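Asker: For reference, the file model-v2.txt (compact mmCIF, C-alpha atoms) is included below:
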```
# COMPACT_ATOMS: atom_id res chain seq x y z
CA MET A 1 -5.54 0.50 -32.32
CA SER A 2 -6.92 -0.39 -28.86
CA CYS A 3 -4.81 -3.56 -28.78
CA LEU A 4 -1.69 -1.55 -29.59
CA LEU A 5 -2.50 0.93 -26.83
CA LEU A 6 -3.00 -1.91 -24.37
CA VAL A 7 0.34 -3.45 -25.27
CA ALA A 8 2.03 -0.06 -24.95
CA ALA A 9 0.46 0.53 -21.54
CA CYS A 10 1.51 -2.91 -20.31
CA SER A 11 5.02 -2.32 -21.58
CA GLU A 12 5.19 1.03 -19.80
CA ALA A 13 3.97 -0.53 -16.55
CA ALA A 14 6.50 -3.34 -16.88
CA ASP A 15 9.28 -0.78 -17.20
CA LEU A 16 8.33 0.52 -13.74
CA VAL A 17 8.84 -2.83 -12.04
CA GLY A 18 12.07 -2.79 -10.02
CA LEU A 19 14.51 -5.63 -10.25
CA ASP A 20 15.70 -5.22 -6.64
CA SER A 21 14.05 -4.55 -3.28
CA GLY A 22 15.59 -1.17 -2.47
CA MET A 23 18.33 -0.11 -0.08
CA VAL A 24 18.05 -0.06 3.69
CA VAL A 25 19.37 3.28 4.95
CA ALA A 26 20.39 3.62 8.59
CA PRO A 27 18.79 6.45 10.59
CA VAL A 28 20.68 9.70 10.12
CA PRO A 29 21.60 12.00 13.04
CA LEU A 30 19.63 15.24 12.89
CA ALA A 31 22.86 17.16 12.49
CA ASP A 32 23.42 15.31 9.20
CA ALA A 33 19.80 15.50 8.03
CA LYS A 34 20.15 19.04 6.77
CA VAL A 35 17.34 20.64 4.81
CA ALA A 36 18.13 23.35 2.26
CA ASP A 37 16.29 26.66 2.42
CA GLY A 38 12.85 26.36 0.89
CA GLU A 39 12.93 22.55 1.00
CA TYR A 40 11.12 20.05 3.23
CA PHE A 41 13.30 16.96 3.11
CA PRO A 42 16.97 16.37 4.02
CA SER A 43 19.36 16.91 1.14
CA TYR A 44 20.97 13.46 1.47
CA LEU A 45 17.78 11.85 0.16
CA GLY A 46 18.40 13.50 -3.21
CA THR A 47 21.95 12.14 -3.47
CA THR A 48 21.50 8.57 -2.19
CA ASN A 49 20.65 5.76 -4.60
CA LYS A 50 17.38 3.91 -4.09
CA GLY A 51 19.02 0.55 -4.70
CA CYS A 52 16.70 -0.41 -7.55
CA SER A 53 17.27 -1.24 -11.19
CA TYR A 54 14.58 -0.62 -13.81
CA ARG A 55 14.68 -1.23 -17.52
CA GLY A 56 16.51 1.77 -18.90
CA ILE A 57 16.81 3.46 -15.48
CA LYS A 58 19.78 2.60 -13.32
CA ASN A 59 20.12 3.46 -9.64
CA PRO A 60 17.44 6.15 -9.23
CA LEU A 61 17.59 8.34 -6.12
CA ILE A 62 15.64 7.74 -2.93
CA LEU A 63 13.90 11.09 -3.48
CA ASP A 64 14.25 12.58 -6.93
CA GLU A 65 13.52 16.22 -7.71
CA MET A 66 10.07 15.55 -9.19
CA SER A 67 8.90 13.53 -6.17
CA SER A 68 10.39 16.04 -3.74
CA ASP A 69 8.55 18.91 -5.46
CA TRP A 70 5.31 16.89 -5.49
CA TYR A 71 5.40 15.98 -1.81
CA SER A 72 6.67 19.41 -0.80
CA SER A 73 3.85 21.21 -2.60
CA HIS A 74 1.29 19.41 -0.45
CA LEU A 75 3.25 20.16 2.71
CA MET A 76 3.54 23.81 1.74
CA PHE A 77 -0.20 24.21 1.06
CA ALA A 78 -0.87 22.43 4.36
CA GLY A 79 1.22 25.05 6.16
CA GLU A 80 3.76 22.50 7.36
CA ARG A 81 7.39 23.04 8.29
CA PRO A 82 10.27 20.62 7.72
CA LEU A 83 9.98 17.91 10.35
CA THR A 84 13.66 18.28 11.16
CA ASP A 85 13.05 21.93 12.10
CA LEU A 86 10.25 20.97 14.46
CA ALA A 87 12.36 18.23 16.02
CA MET A 88 15.24 20.59 16.78
CA GLU A 89 13.13 21.94 19.62
CA ALA A 90 13.17 18.50 21.28
CA PRO A 91 15.52 16.19 19.33
CA GLN A 92 15.30 13.21 21.71
CA GLN A 93 11.52 12.98 21.52
CA ILE A 94 9.36 11.24 18.94
CA ASN A 95 8.31 13.28 15.92
CA VAL A 96 6.46 11.45 13.15
CA ARG A 97 4.76 12.74 10.03
CA PHE A 98 2.75 10.74 7.51
CA VAL A 99 1.77 12.09 4.09
CA TRP A 100 -0.91 10.13 2.21
CA LEU A 101 -1.26 11.11 -1.43
CA ARG A 102 -3.93 9.09 -3.22
CA SER A 103 -4.13 9.91 -6.92
CA PHE A 104 -7.85 10.66 -7.02
CA ASP A 105 -8.67 11.41 -3.37
CA LYS A 106 -8.02 14.20 -0.92
CA PRO A 107 -4.50 14.44 0.51
CA ILE A 108 -4.13 13.76 4.23
CA ILE A 109 -1.17 14.82 6.37
CA VAL A 110 -0.86 13.72 10.00
CA ARG A 111 1.85 14.64 12.48
CA ILE A 112 2.48 13.24 15.98
CA GLN A 113 4.84 15.08 18.33
CA GLU A 114 5.90 13.91 21.76
CA GLN A 115 6.00 16.62 24.41
CA ALA A 116 8.52 17.17 27.20
CA ASP A 117 6.08 15.90 29.82
CA GLY A 118 5.53 12.58 28.00
CA ARG A 119 2.27 13.55 26.36
CA ALA A 120 1.86 13.63 22.60
CA ILE A 121 -0.06 15.94 20.29
CA ILE A 122 -1.56 14.84 16.99
CA GLU A 123 -2.31 17.35 14.25
CA ALA A 124 -4.19 16.19 11.15
CA LYS A 125 -4.99 18.08 7.97
CA ARG A 126 -7.04 17.18 4.94
CA LEU A 127 -6.63 19.20 1.75
CA SER A 128 -9.30 19.89 -0.83
CA GLY A 129 -7.37 18.70 -3.90
CA ASP A 130 -6.31 15.30 -5.21
CA GLY A 131 -3.09 13.65 -4.09
CA GLY A 132 -1.95 13.00 -7.62
CA TYR A 133 -2.67 16.49 -8.86
CA GLU A 134 -3.13 19.91 -7.24
CA PRO A 135 -3.02 20.02 -3.42
CA GLY A 136 -5.86 22.47 -3.00
CA GLU A 137 -6.15 24.12 0.40
CA VAL A 138 -6.71 22.95 3.96
CA GLU A 139 -10.41 22.11 4.23
CA GLU A 140 -10.30 20.40 7.61
CA ARG A 141 -7.76 20.53 10.42
CA PHE A 142 -7.75 19.41 14.01
CA ILE A 143 -5.25 19.12 16.82
CA ARG A 144 -5.61 17.25 20.09
CA ASP A 145 -3.70 15.45 22.82
CA LEU A 146 -3.40 11.72 22.39
CA THR A 147 -4.48 9.77 25.43
CA LEU A 148 -1.74 7.96 27.33
CA ALA A 149 -3.17 4.68 26.05
CA GLU A 150 -3.19 5.87 22.43
CA PHE A 151 0.36 7.16 22.55
CA GLY A 152 1.58 4.11 24.44
CA ALA A 153 0.08 1.81 21.81
CA PHE A 154 1.58 3.90 19.02
CA LYS A 155 5.05 3.87 20.57
CA ALA A 156 4.83 0.11 21.05
CA LEU A 157 3.87 -0.31 17.39
CA LEU A 158 6.71 1.94 16.27
CA GLU A 159 9.30 0.20 18.43
CA GLY A 160 8.07 -3.28 17.49
CA SER A 161 7.83 -2.58 13.78
CA ALA A 162 10.35 -3.75 11.20
CA LEU A 163 11.03 -0.24 9.90
CA SER A 164 14.73 -0.56 10.68
CA THR A 165 14.99 -3.50 8.26
CA GLU A 166 12.93 -1.96 5.46
CA PRO A 167 14.37 0.01 2.53
CA ALA A 168 13.92 3.77 2.50
CA ALA A 169 12.17 3.44 -0.85
CA ASN A 170 11.32 0.11 -2.41
CA CYS A 171 11.17 -0.66 -6.10
CA ASP A 172 7.40 -0.85 -6.62
CA GLU A 173 6.07 1.86 -8.91
CA GLY A 174 2.91 2.48 -10.91
CA LEU A 175 1.04 5.06 -12.94
CA ASP A 176 -1.73 5.67 -10.39
CA GLY A 177 -2.28 4.61 -6.80
CA ALA A 178 -1.07 6.28 -3.62
CA ARG A 179 2.18 7.49 -2.11
CA TRP A 180 2.75 6.63 1.54
CA VAL A 181 5.51 8.96 2.81
CA LEU A 182 6.64 8.46 6.40
CA GLU A 183 9.20 10.49 8.35
CA VAL A 184 10.30 9.36 11.80
CA ILE A 185 12.54 11.18 14.26
CA ASP A 186 13.37 9.32 17.45
CA GLU A 187 16.27 9.86 19.86
CA GLY A 188 17.80 12.44 17.55
CA GLN A 189 17.80 10.15 14.50
CA TYR A 190 15.90 10.81 11.24
CA SER A 191 14.43 8.11 8.98
CA PHE A 192 12.51 8.44 5.71
CA PHE A 193 10.29 5.92 3.93
CA ASP A 194 8.44 6.19 0.63
CA ARG A 195 6.05 3.59 -0.76
CA TRP A 196 3.71 3.24 -3.71
CA THR A 197 0.38 1.62 -2.79
CA PRO A 198 1.83 -0.85 -0.25
CA GLU A 199 -0.28 -3.92 0.49
CA LYS A 200 1.79 -5.00 3.49
CA GLY A 201 4.85 -4.08 5.49
CA ALA A 202 5.85 -1.84 8.39
CA VAL A 203 5.31 1.42 6.51
CA ARG A 204 1.71 0.45 5.79
CA ASP A 205 1.15 -0.70 9.39
CA VAL A 206 2.52 2.50 10.92
CA GLY A 207 0.80 4.67 8.32
CA LEU A 208 -2.58 3.07 8.96
CA ALA A 209 -2.16 3.44 12.72
CA ILE A 210 -1.48 7.16 12.29
CA LEU A 211 -4.41 7.59 9.92
CA LYS A 212 -6.81 5.89 12.31
CA LEU A 213 -5.77 8.28 15.07
CA SER A 214 -6.61 11.19 12.76
CA GLY A 215 -10.33 10.46 12.88
CA PHE A 216 -10.78 11.18 9.17
CA ASP A 217 -12.80 8.98 6.83
CA LEU A 218 -10.10 6.85 5.23
CA GLU A 219 -12.01 5.20 2.41
CA PRO A 220 -10.87 4.24 -0.10
CA ILE A 221 -7.62 2.82 1.25
CA TYR A 222 -5.02 2.11 -1.42
```
Using the file provided, produce a representation of the structure as structure tokens.
Answerer:
Amino acid sequence: MSCLLLVAACSEAADLVGLDSGMVVAPVPLADAKVADGEYFPSYLGTTNKGCSYRGIKNPLILDEMSSDWYSSHLMFAGERPLTDLAMEAPQQINVRFVWLRSFDKPIIVRIQEQADGRAIIEAKRLSGDGGYEPGEVEERFIRDLTLAEFGAFKALLEGSALSTEPAANCDEGLDGARWVLEVIDEGQYSFFDRWTPEKGAVRDVGLAILKLSGFDLEPIY
């Protein structure tokens, strides 16, 4: 029986392996990145194909309904607003939000917002639940100004990263692990990236940089 279960589990995992790398999606003007009432992410993400082919699943969406509900529930319990709403107050400035949902560890949400005077504010929240299950409630939250050196280094990383050449959502999937969800608004343009347990790439690099600025204990990282 155990051998049969192992074969079944391997088969299920194999079905989640994408046959393509995902589709690169150009940044979308904020005017076109509309968010429906009660939602957190632009509607176009739920109508645009991911650019992946799986066994038995053809052309899934960048952000399907289940994933959107999952990510949104953590944002809601964290007391967050849609990033596009926040950016409307200063559309030409940098607004970045990173959502880190590890299956068996506490969810972390970090947001960086550039201010009109060139400063930047970071707000970080850690929830009491597990990223793969119930969000829980905010158990720790802090907000502070980034130093000029911190924000300068972050902007340099963002501008020098390869995000513009990476797919919005790649084809790696798994049963457990972590979701790395990154939203970037810069010069009035919105970009979205979703990864499962990335071991390399620009999304991981930018996500880790944001997490380190949060000051939270990040172990385990996966």
Asker: Check which residues of region 46-79 of chain A sit at most 12 Å from region 132-149 of chain A using all atoms listed in the file, and return one row each with the closest pair of atoms and their distance in Å to one decimal, ordered by chain and rising number, as JSON lines.
Answerer:
```
{"residue": "A:Ser67", "atom": "CA", "partner": "A:Gly132", "partner_atom": "CA", "distance": 11.0}
{"residue": "A:Asp69", "atom": "CA", "partner": "A:Pro135", "partner_atom": "CA", "distance": 11.8}
{"residue": "A:Trp70", "atom": "CA", "partner": "A:Gly132", "partner_atom": "CA", "distance": 8.5}
{"residue": "A:Tyr71", "atom": "CA", "partner": "A:Pro135", "partner_atom": "CA", "distance": 9.5}
{"residue": "A:Ser72", "atom": "CA", "partner": "A:Pro135", "partner_atom": "CA", "distance": 10.1}
{"residue": "A:Ser73", "atom": "CA", "partner": "A:Pro135", "partner_atom": "CA", "distance": 7.0}
{"residue": "A:His74", "atom": "CA", "partner": "A:Pro135", "partner_atom": "CA", "distance": 5.3}
{"residue": "A:Leu75", "atom": "CA", "partner": "A:Pro135", "partner_atom": "CA", "distance": 8.8}
{"residue": "A:Met76", "atom": "CA", "partner": "A:Pro135", "partner_atom": "CA", "distance": 9.2}
{"residue": "A:Phe77", "atom": "CA", "partner": "A:Glu137", "partner_atom": "CA", "distance": 6.0}
{"residue": "A:Ala78", "atom": "CA", "partner": "A:Val138", "partner_atom": "CA", "distance": 5.9}
{"residue": "A:Gly79", "atom": "CA", "partner": "A:Val138", "partner_atom": "CA", "distance": 8.5}
```
Asker: Pick out the residues sitting within 7 Å of region 192-196 of chain A, and hand them over as a compact mmCIF listing (two decimals) with C-alpha atoms, in the frame of the given file; count all atoms listed in the file, and ignore anything fewer than 6 positions along from it in its own chain.
Answerer:
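result32.txt was written with the following content:
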```
# COMPACT_ATOMS: atom_id res chain seq x y z
CA ALA A 168 13.92 3.77 2.50
CA ALA A 169 12.17 3.44 -0.85
CA ASN A 170 11.32 0.11 -2.41
CA ASP A 172 7.40 -0.85 -6.62
CA GLU A 173 6.07 1.86 -8.91
CA GLY A 177 -2.28 4.61 -6.80
CA ALA A 178 -1.07 6.28 -3.62
CA ARG A 179 2.18 7.49 -2.11
CA TRP A 180 2.75 6.63 1.54
CA VAL A 181 5.51 8.96 2.81
CA LEU A 182 6.64 8.46 6.40
CA GLU A 183 9.20 10.49 8.35
CA VAL A 184 10.30 9.36 11.80
```
Asker: If I take CA of Gly46 (chain A) and CA of Cys171 (chain A), how far is one from the other in Å, to one decimal?
Answerer: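 Computing it gives 16.2 Å between the two atoms.
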Asker: Would you kindly return, as a list of chain:residue names, each protein, DNA or RNA residue with an atom no farther than 9 Å from any atom of Ala124 (chain A), considering all atoms listed in the file and excluding same-chain residues fewer than 5 positions away?
Answerer: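 Residues near the query, excluding close chain neighbours: A:Ile108, A:Ile109, A:Val110, A:Arg111, A:Ile112, A:Glu140, A:Arg141, A:Phe142, A:Ile143, A:Leu211, A:Leu213, A:Ser214, A:Gly215, A:Phe216.
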Asker: Which one is closest to Asp105 (chain A): A:Gln189, A:Ser128, A:Thr84, A:Ser161? Count only C-alpha atoms.
Answerer: A:Ser128
Asker: Which one of A:Leu45, A:Leu83, A:Met88, A:Ala209 sits closest to Glu65 (chain A) if you count only C-alpha atoms?
Answerer: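 Checking each candidate against Glu65 (chain A), we get A:Leu45 as the closest.
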Asker: Find, counting all atoms listed in the file, the residue in A:Asn59, A:Tyr190, A:Asp217, A:Pro29 that gets nearest to Thr47 (chain A).
Answerer: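 Checking each candidate against Thr47 (chain A), we get A:Asn59 as the closest.
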